[in-house]
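See structure below.
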Amino acid sequence: MIEQCNVHDASAPQPGGRLAVDQSAGPGVERDGFRNRKVMAFATFGGDRVRLEGLLQLVGAEFISLQTRPRLGGFLRLIRKFRRTRPGLVIMEGTGVAGGAAVMLSRLLLGTRYVVSSGDAVGPFLARKYGWLWPIFNAYERMLYRWSAGFIGWSQYFVGRALTYGAPRAMTAGGWADFRLDAQQRRALGDAVRRHLGIAPATIVVGIAGSLNWNRRVGYCYGLELVRALRQTARTDLCALIVGDGDGRRHLEKAAGADLGTRVILTGKVTRWVLPGYLAAMDAGSLPQSVDQVGALRYTTKLSEYLAASLPIITGQLPLAYDLGGDWLWRLPGNSPWDDKYIASLTTVLDNLTPDVIETKRAAIPRDLPEFDRNRQIRAVTAFLNDILSEPG
């Protein structure tokens with residue numbers, strides 16, 4: 001799955017090597033539960049709908065389109081929809097407060113069962129933004145899971161959290177990359193994107209792809225760790241490639257200073273169709289997450305995409321770095337990617353990064369990880385929802 005970076009760059013090279021989707025349910029999946037029970041689904045954030053549509057492709061769910069994040073208008077629309085159609089089950093991707101309030105109120109007043117799918121710990125995430133409101137957000141998260149019929153977590157760590165908070169059942173669906181590049185495709189696409197961006201063939205490129213959302217409380221957005229570390233090196237054969245856009249971009253431009261456009265390249269938004277080419281242009285990918293209840297529980301969609309592009313990964317001392325990792329990644333100390341200790345360690349990695357080191361890391365990347373197998377997740381989610389529907393409400 002590809003995080004939304006969605007404005008098409010028509011001049012960028014197009015990717016190849018897309019995976020065919022297995023439309024069959026596979027063995028051991030019964031679909032009887034979906035025949036006479038209406039299933040509805042919606043995402044509280046637009047980009048998450050892609051993931052949800054993929055997971056539910058065998059379920060035949062009716063999707064509710066929300067033009068913006070479902071605040072008051074979306075909340076009322078959901079309530080009216082559930083009251084009119086009386087679905088047997090609602091699946092919500094994300095933990096947006098208005099969407100969550102709608103499914104909980106429908107559960108209370110209409111008896112509508114719902115399942116939550118999420119890759120964020122909403123309580124700590126919102127508490128980081130709003131601080132003193134953390135008791136309210138924490139209570140909301142607990143109620144959302146406790147009143148649900150089940151929980152689908154992007155990682156096993158979220159599943160454990162939801163079960164601890166009272167979810168009656170849960171499963172893991174870690175997401176996937178909807179492309180895979182072999183060595184020949186990676187070289188061809190990477191070289192084309194480098195020419196498109198004016199990056200010399202011999203330049204070592206460390207990059208990141210994602211939304212550049214600025215967090216004022218900590219003074220950080222994705223990519224800032226690369227800019228700060230790069231500015232501390234004396235090497236001229238290094239480049240930070242930052243793919244995506246958001247209100248953090250102007251902060252990155254300011255931090256890059258004279259290196260903007262040369263050692264630091266900001267591409268702006270790109271479509272999910274051309275993103276594989278930009279990943280192929282990188283030699284290593286940054287996967288910055290804080291080691292706390294916000295970052296440590298996540299896989300993030302970038303992980304599966306980096307692996308599909310055969311990118312060695314630079315990350316922190318996160319659970320995933322031990323559970324899934326091997327010689328194909330670097331684990332950096334520090335509590336967060338805005339921690340000076342993390343930046344110093346990242347600078348050391350960049351100072352010692354050579355083509356031989358990169359190829360050694362790349363050779364250790366596993367070809368397939370079952371955690372990111374698309375068809376396996378689709379079949380598991382189908383069985384999970386079928387089991388919920390087979391039980392009395």
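Ordered as shown in the structure tokens, chains take letters A, B, and onward, while each chain numbers its residues from 1 and ligands are numbered from 1 in the order shown.
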With only C-alpha atoms as the counted atoms, please give the residues lying no more than 12 Å from A:Arg187, apart from itself and same-chain residues fewer than 2 positions off, as a PyMOL selection string.
chain A and resi 15-16+181-185+189-194+201+276-283+309-310
Considering only C-alpha atoms, return as a ChimeraX atom specification whatever protein or nucleic-acid residues lie within 10 Å of A:Thr236, sequence-local ones (same chain, fewer than 5 positions apart) excluded.
/A:203-204,230,262-263
Put those residues in a file: N, CA and C atoms, as a PDB file, in the first residue's frame.
```pdb
ATOM      1  N   THR A 203      26.163   9.399  -7.335  1.00  0.00           N
ATOM      2  CA  THR A 203      25.698   9.957  -6.060  1.00  0.00           C
ATOM      3  C   THR A 203      24.983   8.888  -5.237  1.00  0.00           C
ATOM      4  N   ILE A 204      25.277   8.845  -3.950  1.00  0.00           N
ATOM      5  CA  ILE A 204      24.581   7.943  -3.031  1.00  0.00           C
ATOM      6  C   ILE A 204      23.346   8.670  -2.512  1.00  0.00           C
ATOM      7  N   LEU A 230      22.597  15.149   6.961  1.00  0.00           N
ATOM      8  CA  LEU A 230      23.368  15.453   5.752  1.00  0.00           C
ATOM      9  C   LEU A 230      24.150  16.750   5.910  1.00  0.00           C
ATOM     10  N   THR A 262      20.411  20.595  -4.496  1.00  0.00           N
ATOM     11  CA  THR A 262      21.647  19.879  -4.841  1.00  0.00           C
ATOM     12  C   THR A 262      21.785  18.645  -3.957  1.00  0.00           C
ATOM     13  N   ARG A 263      22.166  18.858  -2.712  1.00  0.00           N
ATOM     14  CA  ARG A 263      22.287  17.705  -1.806  1.00  0.00           C
ATOM     15  C   ARG A 263      20.946  17.354  -1.158  1.00  0.00           C
TER      16      ARG A 263
END
```
Residue with the minimum atom-to-atom distance to A:Arg228, picked from A:Phe372, A:Phe75, A:Phe179, A:Tyr342 with only C-alpha atoms counted, is A:Tyr342
Can you work out which one of A:Gln289, A:Asn213, A:Gln57, A:Ser148 has the shortest atom-to-atom distance to A:Ala101, counting only C-alpha atoms?
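The shortest atom-to-atom distance to A:Ala101 comes from A:Ser148.
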Using only C-alpha atoms, which residue out of A:Gly99, A:Met143, A:Arg249, A:Arg217 lies closest to A:Gly268?
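Checking each of A:Gly99, A:Met143, A:Arg249, A:Arg217 against A:Gly268, counting only C-alpha atoms, the winner is A:Arg249.
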A straight line from atom CA of A:Gln156 to atom CA of A:Lys38 spans 28.4 Å
Write out as a ChimeraX atom specification all residues of stretch 29-228 of chain A that backbone DSSP assigns to helix (DSSP H, G or I).
/A:32-34,48-55,72-85,97-110,122-146,156-164,183-197,224-228
Residues from last step as file, C-alpha atoms, as a PDB file, in the first residue's frame:
```pdb
ATOM      1  CA  ASP A  32     -22.017 -17.523   3.249  1.00  0.00           C
ATOM      2  CA  GLY A  33     -21.940 -14.893   5.985  1.00  0.00           C
ATOM      3  CA  PHE A  34     -21.876 -12.083   3.411  1.00  0.00           C
ATOM      4  CA  ASP A  48      -6.642   4.739   3.859  1.00  0.00           C
ATOM      5  CA  ARG A  49      -9.535   3.771   1.603  1.00  0.00           C
ATOM      6  CA  VAL A  50      -7.070   2.100  -0.797  1.00  0.00           C
ATOM      7  CA  ARG A  51      -5.996  -0.295   1.942  1.00  0.00           C
ATOM      8  CA  LEU A  52      -9.571  -1.001   3.027  1.00  0.00           C
ATOM      9  CA  GLU A  53     -10.816  -1.664  -0.499  1.00  0.00           C
ATOM     10  CA  GLY A  54      -8.002  -4.166  -0.980  1.00  0.00           C
ATOM     11  CA  LEU A  55      -8.699  -5.982   2.276  1.00  0.00           C
ATOM     12  CA  LEU A  72     -19.668  17.086  11.928  1.00  0.00           C
ATOM     13  CA  GLY A  73     -20.986  16.755   8.374  1.00  0.00           C
ATOM     14  CA  GLY A  74     -19.510  13.317   7.926  1.00  0.00           C
ATOM     15  CA  PHE A  75     -20.680  12.251  11.383  1.00  0.00           C
ATOM     16  CA  LEU A  76     -24.288  13.151  10.563  1.00  0.00           C
ATOM     17  CA  ARG A  77     -24.088  11.530   7.146  1.00  0.00           C
ATOM     18  CA  LEU A  78     -22.857   8.263   8.659  1.00  0.00           C
ATOM     19  CA  ILE A  79     -25.587   8.242  11.316  1.00  0.00           C
ATOM     20  CA  ARG A  80     -28.298   8.820   8.698  1.00  0.00           C
ATOM     21  CA  LYS A  81     -26.827   6.126   6.459  1.00  0.00           C
ATOM     22  CA  PHE A  82     -26.687   3.521   9.216  1.00  0.00           C
ATOM     23  CA  ARG A  83     -30.211   4.349  10.409  1.00  0.00           C
ATOM     24  CA  ARG A  84     -31.643   4.046   6.901  1.00  0.00           C
ATOM     25  CA  THR A  85     -29.840   0.888   5.735  1.00  0.00           C
ATOM     26  CA  VAL A  97     -12.942  10.865  16.335  1.00  0.00           C
ATOM     27  CA  ALA A  98     -16.038  11.846  14.312  1.00  0.00           C
ATOM     28  CA  GLY A  99     -16.130   8.508  12.476  1.00  0.00           C
ATOM     29  CA  GLY A 100     -15.564   6.642  15.717  1.00  0.00           C
ATOM     30  CA  ALA A 101     -18.311   8.626  17.441  1.00  0.00           C
ATOM     31  CA  ALA A 102     -20.682   7.724  14.599  1.00  0.00           C
ATOM     32  CA  VAL A 103     -20.090   3.974  14.855  1.00  0.00           C
ATOM     33  CA  MET A 104     -20.253   4.003  18.650  1.00  0.00           C
ATOM     34  CA  LEU A 105     -23.503   5.971  18.689  1.00  0.00           C
ATOM     35  CA  SER A 106     -24.965   3.631  16.063  1.00  0.00           C
ATOM     36  CA  ARG A 107     -23.895   0.688  18.201  1.00  0.00           C
ATOM     37  CA  LEU A 108     -25.644   2.196  21.208  1.00  0.00           C
ATOM     38  CA  LEU A 109     -28.868   3.341  19.520  1.00  0.00           C
ATOM     39  CA  LEU A 110     -29.245   0.958  16.567  1.00  0.00           C
ATOM     40  CA  VAL A 122      -5.153   7.315  18.558  1.00  0.00           C
ATOM     41  CA  GLY A 123      -4.824   8.248  22.232  1.00  0.00           C
ATOM     42  CA  PRO A 124      -1.051   8.897  22.279  1.00  0.00           C
ATOM     43  CA  PHE A 125      -1.124  10.311  18.729  1.00  0.00           C
ATOM     44  CA  LEU A 126      -3.717  12.978  19.526  1.00  0.00           C
ATOM     45  CA  ALA A 127      -2.210  13.602  22.940  1.00  0.00           C
ATOM     46  CA  ARG A 128       1.079  14.493  21.231  1.00  0.00           C
ATOM     47  CA  LYS A 129      -0.770  17.142  19.243  1.00  0.00           C
ATOM     48  CA  TYR A 130      -3.091  18.461  21.939  1.00  0.00           C
ATOM     49  CA  GLY A 131      -1.298  17.568  25.160  1.00  0.00           C
ATOM     50  CA  TRP A 132      -3.654  18.318  28.026  1.00  0.00           C
ATOM     51  CA  LEU A 133      -6.591  16.546  26.337  1.00  0.00           C
ATOM     52  CA  TRP A 134      -4.901  13.139  26.545  1.00  0.00           C
ATOM     53  CA  PRO A 135      -7.329  11.694  29.177  1.00  0.00           C
ATOM     54  CA  ILE A 136     -10.258  12.320  26.802  1.00  0.00           C
ATOM     55  CA  PHE A 137      -8.492  10.751  23.813  1.00  0.00           C
ATOM     56  CA  ASN A 138      -7.369   7.785  25.874  1.00  0.00           C
ATOM     57  CA  ALA A 139     -10.935   7.183  27.072  1.00  0.00           C
ATOM     58  CA  TYR A 140     -12.202   7.491  23.484  1.00  0.00           C
ATOM     59  CA  GLU A 141      -9.735   4.867  22.248  1.00  0.00           C
ATOM     60  CA  ARG A 142     -10.677   2.433  25.001  1.00  0.00           C
ATOM     61  CA  MET A 143     -14.405   2.839  24.315  1.00  0.00           C
ATOM     62  CA  LEU A 144     -13.895   2.479  20.559  1.00  0.00           C
ATOM     63  CA  TYR A 145     -12.198  -0.904  20.966  1.00  0.00           C
ATOM     64  CA  ARG A 146     -14.379  -2.179  23.825  1.00  0.00           C
ATOM     65  CA  GLN A 156       0.645  -7.314  16.126  1.00  0.00           C
ATOM     66  CA  TYR A 157       1.536  -4.577  18.614  1.00  0.00           C
ATOM     67  CA  PHE A 158      -1.707  -2.708  17.863  1.00  0.00           C
ATOM     68  CA  VAL A 159      -3.615  -5.977  18.141  1.00  0.00           C
ATOM     69  CA  GLY A 160      -2.250  -6.492  21.650  1.00  0.00           C
ATOM     70  CA  ARG A 161      -3.157  -2.929  22.581  1.00  0.00           C
ATOM     71  CA  ALA A 162      -6.728  -3.324  21.313  1.00  0.00           C
ATOM     72  CA  LEU A 163      -7.215  -6.629  23.132  1.00  0.00           C
ATOM     73  CA  THR A 164      -5.885  -5.107  26.331  1.00  0.00           C
ATOM     74  CA  ALA A 183      16.926  -5.894 -10.187  1.00  0.00           C
ATOM     75  CA  GLN A 184      16.597  -4.952 -13.850  1.00  0.00           C
ATOM     76  CA  GLN A 185      13.423  -2.906 -13.309  1.00  0.00           C
ATOM     77  CA  ARG A 186      14.942  -1.203 -10.278  1.00  0.00           C
ATOM     78  CA  ARG A 187      18.045  -0.124 -12.171  1.00  0.00           C
ATOM     79  CA  ALA A 188      16.107   1.075 -15.228  1.00  0.00           C
ATOM     80  CA  LEU A 189      13.532   3.039 -13.244  1.00  0.00           C
ATOM     81  CA  GLY A 190      16.075   4.377 -10.775  1.00  0.00           C
ATOM     82  CA  ASP A 191      18.389   5.623 -13.520  1.00  0.00           C
ATOM     83  CA  ALA A 192      15.477   7.278 -15.333  1.00  0.00           C
ATOM     84  CA  VAL A 193      14.285   9.081 -12.200  1.00  0.00           C
ATOM     85  CA  ARG A 194      17.802  10.213 -11.380  1.00  0.00           C
ATOM     86  CA  ARG A 195      18.135  11.724 -14.846  1.00  0.00           C
ATOM     87  CA  HIS A 196      14.715  13.334 -14.391  1.00  0.00           C
ATOM     88  CA  LEU A 197      15.841  14.919 -11.104  1.00  0.00           C
ATOM     89  CA  LEU A 224      14.113  16.475   8.645  1.00  0.00           C
ATOM     90  CA  GLU A 225      16.364  13.794  10.161  1.00  0.00           C
ATOM     91  CA  LEU A 226      17.996  13.323   6.732  1.00  0.00           C
ATOM     92  CA  VAL A 227      18.466  17.041   6.167  1.00  0.00           C
ATOM     93  CA  ARG A 228      19.991  17.575   9.611  1.00  0.00           C
TER      94      ARG A 228
END
```
Quick one: residues within 8 Å of A:Leu287, only C-alpha atoms counted, chain neighbours fewer than 4 positions away excluded, as a PyMOL selection string?
chain A and resi 208+302-303+313-316
Would you save the residues of that selection, restricted to C-alpha atoms, as a short mmCIF file (atom, residue, chain, number, x, y, z; two decimals), in the first residue's frame?
```cif
data_model
loop_
_atom_site.label_atom_id
_atom_site.label_comp_id
_atom_site.auth_asym_id
_atom_site.auth_seq_id
_atom_site.Cartn_x
_atom_site.Cartn_y
_atom_site.Cartn_z
CA ILE A 208 12.05 8.91 2.32
CA LYS A 302 6.62 2.56 3.86
CA LEU A 303 8.21 -0.61 5.21
CA ILE A 313 16.37 0.64 5.76
CA ILE A 314 17.66 3.06 8.37
CA THR A 315 15.41 3.13 11.43
CA GLY A 316 15.41 3.32 15.21
#
```
Determine which residues of stretch 238-294 of chain A receive a DSSP assignment of strand (DSSP E or B), computed from the backbone, and state them as a PyMOL selection string.
chain A and resi 238-244+260+264-266+268+284-287
N, CA and C atoms of the current selection, written as a PDB file, in the first residue's frame:
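So again.pdb came out as:
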```
ATOM      1  N   LEU A 238      26.693  12.730  -1.508  1.00  0.00           N
ATOM      2  CA  LEU A 238      25.469  12.260  -0.859  1.00  0.00           C
ATOM      3  C   LEU A 238      24.305  13.170  -1.220  1.00  0.00           C
ATOM      4  N   CYS A 239      23.121  12.572  -1.269  1.00  0.00           N
ATOM      5  CA  CYS A 239      21.917  13.334  -1.580  1.00  0.00           C
ATOM      6  C   CYS A 239      20.762  12.793  -0.756  1.00  0.00           C
ATOM      7  N   ALA A 240      19.948  13.700  -0.208  1.00  0.00           N
ATOM      8  CA  ALA A 240      18.708  13.323   0.482  1.00  0.00           C
ATOM      9  C   ALA A 240      17.550  13.586  -0.471  1.00  0.00           C
ATOM     10  N   LEU A 241      16.796  12.532  -0.797  1.00  0.00           N
ATOM     11  CA  LEU A 241      15.660  12.632  -1.703  1.00  0.00           C
ATOM     12  C   LEU A 241      14.383  12.476  -0.879  1.00  0.00           C
ATOM     13  N   ILE A 242      13.587  13.535  -0.802  1.00  0.00           N
ATOM     14  CA  ILE A 242      12.396  13.559   0.037  1.00  0.00           C
ATOM     15  C   ILE A 242      11.178  13.676  -0.866  1.00  0.00           C
ATOM     16  N   VAL A 243      10.362  12.612  -0.893  1.00  0.00           N
ATOM     17  CA  VAL A 243       9.218  12.509  -1.798  1.00  0.00           C
ATOM     18  C   VAL A 243       7.935  12.712  -1.000  1.00  0.00           C
ATOM     19  N   GLY A 244       7.164  13.717  -1.362  1.00  0.00           N
ATOM     20  CA  GLY A 244       5.926  14.000  -0.655  1.00  0.00           C
ATOM     21  C   GLY A 244       5.762  15.491  -0.442  1.00  0.00           C
ATOM     22  N   LEU A 260      19.667  23.013  -0.751  1.00  0.00           N
ATOM     23  CA  LEU A 260      18.387  22.756  -1.393  1.00  0.00           C
ATOM     24  C   LEU A 260      18.552  22.719  -2.911  1.00  0.00           C
ATOM     25  N   VAL A 264      19.989  18.238  -1.192  1.00  0.00           N
ATOM     26  CA  VAL A 264      18.645  17.975  -0.674  1.00  0.00           C
ATOM     27  C   VAL A 264      17.649  18.260  -1.787  1.00  0.00           C
ATOM     28  N   ILE A 265      16.899  17.229  -2.203  1.00  0.00           N
ATOM     29  CA  ILE A 265      15.926  17.370  -3.277  1.00  0.00           C
ATOM     30  C   ILE A 265      14.534  17.052  -2.739  1.00  0.00           C
ATOM     31  N   LEU A 266      13.622  18.015  -2.868  1.00  0.00           N
ATOM     32  CA  LEU A 266      12.230  17.845  -2.469  1.00  0.00           C
ATOM     33  C   LEU A 266      11.400  17.744  -3.746  1.00  0.00           C
ATOM     34  N   GLY A 268       8.043  17.229  -4.031  1.00  0.00           N
ATOM     35  CA  GLY A 268       6.620  17.516  -3.979  1.00  0.00           C
ATOM     36  C   GLY A 268       5.834  16.225  -4.089  1.00  0.00           C
ATOM     37  N   ALA A 284      19.161   3.840  -0.027  1.00  0.00           N
ATOM     38  CA  ALA A 284      18.707   3.440   1.308  1.00  0.00           C
ATOM     39  C   ALA A 284      17.492   4.286   1.654  1.00  0.00           C
ATOM     40  N   GLY A 285      16.602   3.719   2.477  1.00  0.00           N
ATOM     41  CA  GLY A 285      15.386   4.419   2.855  1.00  0.00           C
ATOM     42  C   GLY A 285      15.352   4.713   4.341  1.00  0.00           C
ATOM     43  N   SER A 286      14.905   5.905   4.690  1.00  0.00           N
ATOM     44  CA  SER A 286      14.760   6.288   6.090  1.00  0.00           C
ATOM     45  C   SER A 286      13.371   5.914   6.574  1.00  0.00           C
ATOM     46  N   LEU A 287      13.308   5.236   7.703  1.00  0.00           N
ATOM     47  CA  LEU A 287      12.033   4.840   8.318  1.00  0.00           C
ATOM     48  C   LEU A 287      12.021   5.382   9.748  1.00  0.00           C
TER      49      LEU A 287
END
```
Given the choices A:Thr271, A:Pro392, A:Leu385, A:Asn215, which gets closest to A:Val116 if the distance is worked out from only C-alpha atoms?
A:Leu385
Near A:Asp245, within 9 Å and counting only C-alpha atoms, which residues show up once chain neighbours fewer than 6 positions away are dropped, as a ChimeraX atom specification?
/A:5,210-213,266-270
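The spacing separating atom CA of A:Ala321 from atom CA of A:Ala296 amounts to 9.8 Å.
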Quick one, how far is atom CA of A:Leu307 from atom CA of A:Ile365?
7.2 Å
